[in-house]
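Participant: Take a look at target05.cif, mmCIF, C-alpha atoms and all ligand atoms:
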```cif
data_upload
loop_
_atom_site.label_atom_id
_atom_site.label_comp_id
_atom_site.auth_asym_id
_atom_site.auth_seq_id
_atom_site.Cartn_x
_atom_site.Cartn_y
_atom_site.Cartn_z
CA MET A 1 21.74 -8.73 -0.94
CA ALA A 2 19.71 -5.52 -0.96
CA ASP A 3 21.38 -2.76 -2.91
CA LEU A 4 21.95 0.33 -0.80
CA SER A 5 24.63 1.82 -3.00
CA GLY A 6 24.34 5.32 -4.35
CA PRO A 7 21.97 7.00 -1.89
CA GLU A 8 23.16 10.45 -3.09
CA PRO A 9 20.14 11.15 -5.35
CA ALA A 10 17.74 10.33 -2.50
CA ILE A 11 19.68 12.52 -0.07
CA ALA A 12 19.88 15.42 -2.56
CA GLU A 13 16.15 15.16 -3.27
CA ILE A 14 15.06 15.04 0.38
CA SER A 15 17.44 17.83 1.41
CA SER A 16 15.71 20.08 -1.15
CA TRP A 17 12.24 19.66 0.41
CA PRO A 18 10.65 22.62 2.21
CA GLY A 19 11.16 22.28 5.96
CA TYR A 20 14.19 20.02 5.63
CA LEU A 21 16.72 20.52 8.40
CA GLU A 22 19.44 18.23 9.66
CA THR A 23 18.41 16.72 12.98
CA PRO A 24 20.98 17.18 15.76
CA LEU A 25 23.62 14.74 16.99
CA TRP A 26 24.00 15.38 20.71
CA SER A 27 27.09 14.57 22.72
CA LEU A 28 25.87 13.27 26.11
CA THR A 29 28.91 13.61 28.34
CA GLY A 30 27.03 13.26 31.65
CA LEU A 31 25.45 10.03 30.51
CA ALA A 32 28.78 8.73 29.21
CA ARG A 33 30.33 9.32 32.66
CA HIS A 34 27.38 7.61 34.31
CA PHE A 35 27.75 4.51 32.14
CA GLY A 36 31.55 4.45 32.31
CA VAL A 37 32.17 4.88 28.59
CA ALA A 38 34.30 7.48 26.79
CA SER A 39 31.50 9.14 24.80
CA ILE A 40 27.87 8.82 23.75
CA HIS A 41 26.51 10.46 20.63
CA TYR A 42 22.74 10.48 20.18
CA LYS A 43 21.10 11.24 16.82
CA ASP A 44 17.85 12.94 17.77
CA GLU A 45 15.03 12.45 15.27
CA SER A 46 12.39 14.06 17.49
CA GLY A 47 12.31 17.18 15.33
CA ARG A 48 12.41 15.51 11.89
CA PHE A 49 10.12 17.58 9.63
CA GLY A 50 8.40 19.04 12.69
CA PRO A 51 6.46 17.68 15.67
CA GLU A 52 3.65 16.13 13.60
CA LEU A 53 6.11 13.70 11.99
CA ALA A 54 8.96 13.54 14.49
CA SER A 55 10.70 10.42 13.20
CA PHE A 56 13.06 9.16 10.50
CA LYS A 57 10.01 7.55 8.88
CA ALA A 58 9.36 10.97 7.28
CA LEU A 59 12.39 10.23 5.07
CA GLY A 60 11.61 6.81 3.57
CA ALA A 61 7.96 6.53 2.57
CA PRO A 62 7.60 10.12 1.26
CA TYR A 63 10.67 9.66 -0.94
CA ALA A 64 9.22 6.37 -2.24
CA VAL A 65 5.91 8.14 -2.99
CA PHE A 66 7.77 10.84 -4.91
CA ARG A 67 9.63 8.20 -6.97
CA LEU A 68 6.48 6.20 -7.63
CA LEU A 69 4.52 9.23 -8.84
CA ALA A 70 7.44 10.52 -10.92
CA ALA A 71 7.70 7.10 -12.61
CA GLU A 72 3.96 7.07 -13.39
CA ILE A 73 4.19 10.57 -14.86
CA LYS A 74 7.21 9.60 -16.92
CA ALA A 75 5.36 6.54 -18.26
CA LYS A 76 2.33 8.65 -19.23
CA THR A 77 3.96 11.88 -20.48
CA GLY A 78 7.64 11.10 -21.03
CA LYS A 79 8.49 13.99 -18.67
CA ASP A 80 10.66 14.00 -15.54
CA ALA A 81 8.52 15.62 -12.84
CA SER A 82 10.26 17.46 -10.01
CA SER A 83 9.00 17.35 -6.44
CA ASP A 84 8.10 21.05 -6.71
CA GLU A 85 5.94 20.35 -9.74
CA LEU A 86 4.18 17.57 -7.85
CA ARG A 87 3.66 19.86 -4.87
CA ASN A 88 2.25 22.59 -7.14
CA GLY A 89 -0.24 20.14 -8.64
CA LYS A 90 1.11 20.31 -12.19
CA TYR A 91 0.38 16.61 -12.74
CA ARG A 92 -2.63 16.30 -10.42
CA SER A 93 -4.74 14.73 -13.18
CA ILE A 94 -2.35 11.75 -13.11
CA THR A 95 -1.35 11.60 -9.45
CA GLY A 96 -4.87 12.21 -8.10
CA ALA A 97 -5.98 8.91 -9.61
CA LEU A 98 -3.28 6.94 -7.74
CA THR A 99 -3.54 5.47 -4.25
CA VAL A 100 -0.68 4.44 -1.97
CA CYS A 101 -1.28 2.23 1.04
CA VAL A 102 0.48 0.47 3.90
CA ALA A 103 -0.17 -1.56 7.05
CA THR A 104 1.53 0.17 9.95
CA ASP A 105 1.81 0.66 13.69
CA GLY A 106 1.99 4.42 13.27
CA ASN A 107 5.11 6.20 12.08
CA GLN A 108 5.27 4.57 8.65
CA GLY A 109 1.63 5.50 7.99
CA ARG A 110 2.21 9.03 9.18
CA GLY A 111 5.16 9.42 6.80
CA LEU A 112 3.24 7.90 3.91
CA ALA A 113 0.20 10.11 4.51
CA TRP A 114 2.42 13.20 4.63
CA GLY A 115 4.15 12.19 1.39
CA ALA A 116 0.83 11.51 -0.35
CA ARG A 117 -0.56 14.88 0.74
CA GLN A 118 2.57 16.75 -0.40
CA PHE A 119 2.77 15.07 -3.76
CA GLY A 120 -0.94 14.84 -4.53
CA CYS A 121 -2.13 11.23 -4.44
CA ARG A 122 -4.59 9.31 -2.27
CA CYS A 123 -3.48 7.34 0.77
CA VAL A 124 -5.10 4.50 2.73
CA VAL A 125 -3.45 3.30 5.95
CA TYR A 126 -4.36 0.02 7.66
CA VAL A 127 -3.87 -0.24 11.41
CA HIS A 128 -4.49 -3.21 13.70
CA GLU A 129 -6.68 -3.06 16.77
CA HIS A 130 -3.92 -2.18 19.27
CA VAL A 131 -2.71 0.99 17.52
CA SER A 132 -3.54 3.94 19.79
CA ALA A 133 -6.19 6.53 18.93
CA ALA A 134 -3.51 9.24 19.09
CA ARG A 135 -1.47 7.48 16.39
CA VAL A 136 -4.57 7.08 14.19
CA ALA A 137 -5.46 10.76 14.62
CA ALA A 138 -1.92 11.76 13.62
CA ILE A 139 -2.27 9.84 10.34
CA GLU A 140 -5.75 11.22 9.62
CA ARG A 141 -4.46 14.74 10.16
CA PHE A 142 -2.57 14.39 6.87
CA GLY A 143 -5.77 13.50 5.01
CA ALA A 144 -5.28 9.73 4.76
CA THR A 145 -8.12 7.26 5.14
CA VAL A 146 -7.45 4.96 8.09
CA VAL A 147 -8.90 1.43 8.11
CA ARG A 148 -8.85 -0.31 11.49
CA VAL A 149 -8.50 -4.07 11.09
CA PRO A 150 -9.49 -6.47 13.91
CA GLY A 151 -6.56 -8.56 15.20
CA ALA A 152 -2.81 -8.00 15.15
CA TYR A 153 -0.28 -6.46 12.76
CA GLU A 154 -0.30 -9.53 10.47
CA ASP A 155 -4.06 -9.16 10.00
CA SER A 156 -3.60 -5.58 8.81
CA VAL A 157 -0.87 -6.76 6.43
CA ALA A 158 -3.14 -9.48 4.98
CA ARG A 159 -5.90 -6.92 4.48
CA VAL A 160 -3.70 -4.32 2.77
CA ASN A 161 -2.34 -6.99 0.44
CA ALA A 162 -5.85 -8.10 -0.52
CA ASP A 163 -7.24 -4.58 -0.95
CA ALA A 164 -4.23 -3.32 -2.92
CA ALA A 165 -4.46 -6.28 -5.31
CA ALA A 166 -8.22 -5.83 -5.76
CA GLN A 167 -8.09 -2.02 -6.24
CA GLY A 168 -4.81 -1.62 -8.11
CA TRP A 169 -3.31 0.42 -5.26
CA HIS A 170 0.42 0.77 -4.59
CA ILE A 171 1.81 -0.64 -1.36
CA VAL A 172 4.78 1.40 -0.08
CA THR A 173 6.85 -0.33 2.57
CA SER A 174 10.42 -1.12 3.52
CA THR A 175 9.52 -4.81 3.73
CA ALA A 176 10.54 -6.54 0.56
CA SER A 177 7.93 -9.27 0.95
CA HIS A 178 5.83 -7.20 -1.43
CA GLY A 179 8.61 -7.49 -3.98
CA TYR A 180 9.75 -4.46 -5.94
CA ALA A 181 6.18 -3.18 -5.91
CA GLY A 182 6.68 -2.33 -2.24
CA ARG A 183 9.59 -0.06 -3.23
CA PRO A 184 11.77 -1.13 -0.28
CA ARG A 185 14.91 0.18 -1.96
CA ASP A 186 13.48 3.69 -2.29
CA VAL A 187 12.36 3.66 1.34
CA MET A 188 15.80 2.57 2.55
CA GLN A 189 17.57 5.08 0.29
CA GLY A 190 15.48 7.79 1.93
CA TYR A 191 16.61 6.56 5.36
CA MET A 192 20.22 7.03 4.28
CA THR A 193 19.68 10.79 4.69
CA MET A 194 19.69 10.31 8.47
CA VAL A 195 22.72 8.04 8.27
CA GLU A 196 24.79 10.43 6.15
CA GLU A 197 23.87 13.38 8.35
CA SER A 198 25.05 11.53 11.45
CA LEU A 199 28.35 10.56 9.82
CA ARG A 200 28.99 14.18 8.87
CA GLN A 201 28.13 15.35 12.38
CA LEU A 202 30.49 13.04 14.28
CA PRO A 203 33.28 15.16 15.73
CA ASN A 204 36.67 14.50 14.12
CA GLY A 205 38.35 11.44 15.47
CA ASP A 206 35.32 10.17 17.35
CA ARG A 207 34.86 7.02 15.33
CA PRO A 208 32.28 4.98 17.26
CA THR A 209 33.34 1.64 18.68
CA HIS A 210 29.74 0.58 19.37
CA LEU A 211 26.58 1.38 17.43
CA LEU A 212 23.29 0.35 19.00
CA MET A 213 20.18 0.41 16.87
CA GLN A 214 16.54 -0.58 17.39
CA GLY A 215 14.91 -3.10 15.04
CA GLY A 216 11.36 -3.64 13.81
CA VAL A 217 11.51 -5.41 10.43
CA GLY A 218 15.19 -4.35 10.33
CA SER A 219 15.22 -1.81 7.49
CA ILE A 220 16.48 1.19 9.41
CA ALA A 221 19.14 -0.89 11.17
CA ALA A 222 20.27 -2.28 7.80
CA ALA A 223 20.54 1.26 6.43
CA VAL A 224 22.49 2.54 9.45
CA PHE A 225 24.83 -0.45 9.69
CA THR A 226 25.52 -0.31 5.94
CA GLY A 227 26.30 3.41 6.08
CA TYR A 228 28.72 2.99 9.00
CA PHE A 229 30.28 -0.15 7.54
CA ASN A 230 30.99 1.66 4.27
CA ALA A 231 32.29 4.75 6.06
CA PHE A 232 34.69 2.93 8.39
CA ARG A 233 35.39 -0.30 6.47
CA GLY A 234 37.93 -2.37 8.44
CA GLN A 235 37.30 -0.27 11.55
CA SER A 236 33.53 -0.31 11.66
CA PRO A 237 31.87 -0.21 15.06
CA ARG A 238 30.40 -3.21 16.80
CA PHE A 239 26.83 -3.37 15.50
CA ILE A 240 24.28 -4.17 18.22
CA LEU A 241 20.62 -4.70 17.32
CA VAL A 242 17.97 -4.13 19.99
CA GLU A 243 14.38 -5.40 19.97
CA PRO A 244 11.44 -5.71 22.37
CA GLU A 245 11.29 -9.11 24.10
CA GLU A 246 7.80 -9.61 22.72
CA ALA A 247 8.74 -8.71 19.12
CA ASP A 248 12.06 -10.43 18.54
CA CYS A 249 11.95 -11.49 14.87
CA LEU A 250 15.57 -10.43 14.23
CA PHE A 251 16.83 -12.18 17.36
CA GLN A 252 14.92 -15.36 16.38
CA SER A 253 16.23 -15.12 12.82
CA ALA A 254 19.80 -14.85 14.11
CA ARG A 255 19.25 -17.94 16.24
CA ALA A 256 17.79 -19.97 13.40
CA GLY A 257 20.16 -18.63 10.73
CA ARG A 258 17.26 -17.69 8.46
CA PRO A 259 14.23 -15.34 8.51
CA THR A 260 12.09 -16.54 11.41
CA PRO A 261 9.00 -14.97 13.01
CA ALA A 262 9.04 -13.32 16.43
CA ALA A 263 8.22 -15.75 19.23
CA GLY A 264 6.44 -13.20 21.45
CA SER A 265 2.95 -11.68 21.57
CA LEU A 266 3.92 -8.42 19.77
CA ARG A 267 2.30 -6.62 22.71
CA THR A 268 4.85 -3.92 23.55
CA ILE A 269 4.80 -0.18 24.14
CA MET A 270 7.52 0.05 21.46
CA ALA A 271 4.87 0.29 18.73
CA GLY A 272 7.29 0.96 15.87
CA LEU A 273 9.22 -2.22 16.68
CA ALA A 274 6.21 -4.54 17.05
CA CYS A 275 6.84 -6.66 13.95
CA ARG A 276 6.31 -10.39 13.47
CA GLU A 277 8.54 -10.86 10.39
CA VAL A 278 11.87 -9.47 9.27
CA SER A 279 12.25 -7.69 5.95
CA PRO A 280 14.11 -10.23 3.78
CA SER A 281 16.21 -7.53 2.11
CA ALA A 282 17.14 -6.02 5.48
CA TRP A 283 17.91 -9.47 6.86
CA SER A 284 20.29 -10.18 3.98
CA ILE A 285 22.37 -7.24 5.25
CA LEU A 286 21.88 -7.68 8.98
CA GLN A 287 22.87 -11.33 9.04
CA TRP A 288 26.37 -10.30 7.92
CA LEU A 289 26.84 -7.03 9.73
CA THR A 290 25.20 -7.49 13.13
CA ASN A 291 27.53 -8.52 15.95
CA ASP A 292 25.00 -8.85 18.76
CA PHE A 293 21.22 -9.22 19.09
CA VAL A 294 19.72 -8.07 22.40
CA THR A 295 16.10 -7.95 23.60
CA ILE A 296 14.71 -5.57 26.22
CA THR A 297 11.53 -5.25 28.30
CA ASP A 298 8.99 -2.44 28.13
CA ALA A 299 9.85 -1.46 31.71
CA LEU A 300 13.45 -0.84 30.69
CA ALA A 301 12.39 1.21 27.68
CA GLU A 302 10.25 3.38 29.96
CA GLU A 303 13.20 3.90 32.31
CA ALA A 304 15.38 4.91 29.35
CA MET A 305 12.78 7.46 28.22
CA ARG A 306 12.76 9.00 31.70
CA GLU A 307 16.57 9.04 31.78
CA LEU A 308 16.71 11.08 28.56
CA ALA A 309 13.84 13.34 29.64
CA ARG A 310 15.67 14.19 32.90
CA GLY A 311 19.09 14.75 31.36
CA ARG A 312 21.97 13.25 33.36
CA ASN A 313 24.63 15.48 35.02
CA GLY A 314 23.81 18.60 33.02
CA ASP A 315 23.20 16.82 29.71
CA ARG A 316 20.59 18.16 27.38
CA LYS A 317 17.05 16.91 28.11
CA ILE A 318 15.77 14.88 25.20
CA VAL A 319 12.26 13.91 24.13
CA ALA A 320 12.48 10.27 23.03
CA GLY A 321 9.51 8.05 22.20
CA GLU A 322 9.06 4.41 23.18
CA SER A 323 10.71 3.04 20.01
CA ALA A 324 13.71 5.40 20.24
CA VAL A 325 15.45 4.22 23.37
CA GLY A 326 16.39 0.55 22.92
CA GLY A 327 20.08 1.34 22.51
CA LEU A 328 20.18 3.39 25.69
CA ALA A 329 18.21 0.66 27.49
CA VAL A 330 20.99 -1.82 26.69
CA LEU A 331 23.59 0.54 28.17
CA MET A 332 21.43 0.73 31.31
CA LEU A 333 21.27 -3.07 31.51
CA ALA A 334 25.03 -3.36 31.00
CA LYS A 335 25.76 -0.88 33.82
CA TYR A 336 24.43 -3.35 36.37
CA ASP A 337 25.23 -6.58 34.53
CA ALA A 338 29.00 -7.00 34.34
CA SER A 339 28.77 -10.11 32.18
CA LEU A 340 26.67 -8.24 29.58
CA ARG A 341 29.09 -5.31 29.68
CA GLN A 342 31.96 -7.68 29.08
CA ALA A 343 30.10 -9.65 26.38
CA LEU A 344 29.44 -6.41 24.48
CA GLY A 345 33.03 -5.25 24.93
CA LEU A 346 31.96 -2.04 26.69
CA ASP A 347 34.57 -0.23 28.76
CA ASP A 348 35.87 3.25 29.56
CA ARG A 349 37.35 3.58 26.06
CA SER A 350 34.05 2.81 24.29
CA ARG A 351 32.62 5.48 22.03
CA VAL A 352 28.93 4.76 21.65
CA ALA A 353 26.55 5.88 18.88
CA LEU A 354 22.79 5.79 19.56
CA PHE A 355 19.92 6.57 17.22
CA GLY A 356 16.84 8.05 18.81
CA CYS A 357 14.56 7.47 15.88
CA GLU A 358 11.43 9.21 17.17
CA GLY A 359 10.20 11.90 19.51
CA ALA A 360 6.89 11.80 21.37
CA THR A 361 4.88 10.31 18.49
CA ASP A 362 2.19 9.26 21.00
CA PRO A 363 2.01 12.31 23.29
CA GLU A 364 -0.41 10.64 25.73
CA ALA A 365 1.88 7.67 26.21
CA TYR A 366 4.89 9.99 26.57
CA ARG A 367 3.14 11.98 29.30
CA ARG A 368 2.06 8.83 31.13
CA ILE A 369 5.58 7.38 31.10
CA THR A 370 7.71 10.46 31.82
CA GLY A 371 5.28 12.74 33.63
CA ILE A 372 6.23 15.47 31.17
CA SER A 373 3.98 16.99 28.54
CA PRO A 374 5.84 16.75 25.23
CA GLY A 375 4.34 20.12 24.20
CA VAL A 376 6.47 21.63 26.94
CA ARG A 377 9.97 20.94 25.68
CA PRO A 378 12.26 19.83 28.50
CA GLN A 379 14.61 22.69 29.30
CA ASP A 380 18.20 22.75 28.20
CA PRO A 381 20.67 22.91 31.04
CA SER A 382 21.18 26.56 31.96
C1 LIG B 401 10.84 5.13 15.82
C2 LIG B 401 11.04 3.87 15.10
N1 LIG B 401 12.21 3.23 15.24
C3 LIG B 401 12.45 2.07 14.60
C4 LIG B 401 11.51 1.50 13.79
C5 LIG B 401 11.82 0.19 13.16
O1 LIG B 401 12.15 0.31 11.82
P1 LIG B 401 12.29 -1.00 10.94
O2 LIG B 401 10.90 -1.61 10.88
O3 LIG B 401 12.79 -0.51 9.65
O4 LIG B 401 13.22 -1.91 11.66
C6 LIG B 401 10.29 2.14 13.59
C7 LIG B 401 9.30 1.57 12.71
O5 LIG B 401 8.17 2.05 12.61
C8 LIG B 401 10.05 3.35 14.25
O6 LIG B 401 8.89 4.00 14.10
#
```
Would you mind writing the structure in this file as structure tokens?
Ligand SMILES: Cc1ncc(COP(=O)(O)O)c(C=O)c1O

Facilitator:
Amino acid sequence: MADLSGPEPAIAEISSWPGYLETPLWSLTGLARHFGVASIHYKDESGRFGPELASFKALGAPYAVFRLLAAEIKAKTGKDASSDELRNGKYRSITGALTVCVATDGNQGRGLAWGARQFGCRCVVYVHEHVSAARVAAIERFGATVVRVPGAYEDSVARVNADAAAQGWHIVTSTASHGYAGRPRDVMQGYMTMVEESLRQLPNGDRPTHLLMQGGVGSIAAAVFTGYFNAFRGQSPRFILVEPEEADCLFQSARAGRPTPAAGSLRTIMAGLACREVSPSAWSILQWLTNDFVTITDALAEEAMRELARGRNGDRKIVAGESAVGGLAVLMLAKYDASLRQALGLDDRSRVALFGCEGATDPEAYRRITGISPGVRPQDPS
């Protein structure tokens, strides 16, 4: 099983970075009333390290880049480099010769490019042909080279594997299929920052009964479920994993009882979740902890984005991207589907935790779906 113990060093490191701020955990009382549950808490990653990053992905890959570069410096000089020293270019002669790379639908590449720029190494990001121009531009803004690969996500993965092997580059990913070289443990340890923040922010006594989390390869869900399982032990919430219908590798794996590819086309607006294969290390956790696997349509995700943008019954208005709303989408489904509500054990005593893992990371798409320009932050209730 993947080792997620001892995330404290990762959390301490990331919390020391310039611009670090806890992201908020909102209590959505209007929405809770609407869905007939006792409470809803929503961890809002839309402001994570500012609007150019705006997702939890800014925690994992940059931390892995820091660890990778620090290890290379240690091997060459015997010294323990701090992140400040890397940022100030003290070891640029070593780090500048190193290249990190990844195949991504967007947020992972953005986080990696930001980490590489901060810590002073080169970065090459591979995107498949359906990744939007806005997502590519956001990666390039951090100085990374973007390579567009014809075909789907798998084609970009094959290409990054081949190029990294040929060039001696370092792949940084949460998917353990690259073995330790992919540094999945570092990436997931970085994610634990979001998990620990949310646990600290829960109001006293509001132990969640249900935790709904979106899944791509499963790494962030594995980190969140592990954190909540360890925090609440015998009383951990019901863990519900949500995926796009067209990218259901975790659902298919649960059905088969072993890692199994998604059956769908991977064509979904939920770009961050459009993955064919599970991460084996994430799966080794999720197969034990996950209670329910649910898939949703794009249309439902769009409706959930509009729901959060409007703010129900005086709730705060929240900017949530396409990959952030799967959990809320399941609550929407369950409101009108009594058998689903019953199957998930949802009732008026349920205390629900949701993770909104990104803001408007594709501003064009956000505007098209909600009718709101993400530059103009939806107003708080007066
Ligand atoms: C906003 C968002 N949520 C969830 C995920 C899925 O994360 P994982 O692939 O670790 O399951 C991603 C991945 O890019 C993402 O960008």

Participant: Could you tell me how far CA of Trp26 in chain A sits from CA of Ile369 in chain A, in Å to one decimal place?

Facilitator: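 Distance reported for this atom pair: 22.6 Å.
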
Participant: When you look at range 319-332 of chain A with a cut-off of 9 Å (counting all atoms listed in the file), what residues show up, excluding the ones that are within fewer than 2 positions of it in the same chain? I need them as a PyMOL selection string.

Facilitator: chain A and resi 35+44-46+211-215+240-244+269-273+294-298+300-306+308-309+317+334-337+341+346+353-363+365-366+374+377-378

Participant: With distances taken over all atoms listed in the file, which of A:Phe119, A:Tyr153, A:Tyr228, A:Phe251 is nearest to Glu197 in chain A?

Facilitator: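 Between A:Phe119, A:Tyr153, A:Tyr228, A:Phe251, the residue approaching Glu197 in chain A most closely is A:Tyr228.
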
Participant: Need to verify the contact set: range 310-313 of chain A, 8 Å, all atoms listed in the file, exclusion of same-chain residues closer than 5 positions in sequence. Can you return it as an mmCIF file with C-alpha atoms, keeping the file's coordinate frame?

Facilitator:
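See selection.cif below for the written result:
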```cif
data_model
loop_
_atom_site.group_PDB
_atom_site.id
_atom_site.type_symbol
_atom_site.label_atom_id
_atom_site.label_comp_id
_atom_site.auth_asym_id
_atom_site.auth_seq_id
_atom_site.Cartn_x
_atom_site.Cartn_y
_atom_site.Cartn_z
ATOM 1 C CA GLY A 30 27.030 13.260 31.650
ATOM 2 C CA LEU A 31 25.450 10.030 30.510
ATOM 3 C CA HIS A 34 27.380 7.610 34.310
ATOM 4 C CA ILE A 318 15.770 14.880 25.200
ATOM 5 C CA PRO A 378 12.260 19.830 28.500
#
```

Participant: Excluding Asn88 in chain A and any residue of its chain fewer than 5 positions from it, enumerate the residues within 12 Å of it, using only C-alpha atoms, and give them as an MDAnalysis selection string.

Facilitator: chainID A and resid 81:83 95 117:120

Participant: Env of His128 in chain A: 6 Å cut, atoms = all atoms listed in the file, seq-sep filter 6 positions within chain, self excluded. Answer as a list in words.

Facilitator: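 Residues near the query, excluding close chain neighbours: Arg148, Val149, Pro150, Gly151, Ala152, Tyr153 and Ser156 of chain A.
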
Participant: Between CA of Ser174 in chain A and CA of Ser284 in chain A, what distance in Å does the model show, to one decimal?

Facilitator: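 Interatomic distance here is 13.4 Å.
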
Participant: Name the closest residue to Ser39 in chain A among the candidates A:Trp17, A:Ser27, A:Gly143, A:Glu307; distances are taken between atoms, counting only C-alpha atoms.

Facilitator: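 Residue with the minimum atom-to-atom distance to Ser39 in chain A: A:Ser27.
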
Participant: Would you work out the distance separating CA of Gly227 in chain A from CA of Leu202 in chain A, expressed in Å to one decimal?

Facilitator: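 Interatomic distance, CA of Gly227 in chain A to CA of Leu202 in chain A: 13.3 Å.
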
Participant: Which residue is closest to ligand LIG 401 (chain B)? Choose from A:Gly109, A:Gly218, A:Gly115, A:Gly78 and count all atoms listed in the file.

Facilitator: A:Gly218

Participant: So, with all atoms listed in the file as the atoms that count, which of A:Ile220, A:Leu344, A:Ala162, A:Leu21 lies closest to ligand LIG 401 (chain B)?

Facilitator: A:Ile220

Participant: Rank A:Ile40, A:Val217, A:Leu340, A:Cys121 by their smallest atom-to-atom distance to ligand LIG 401 (chain B), using all atoms listed in the file, and report the top residue only.

Facilitator: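 The shortest atom-to-atom distance to ligand LIG 401 (chain B) comes from A:Val217.
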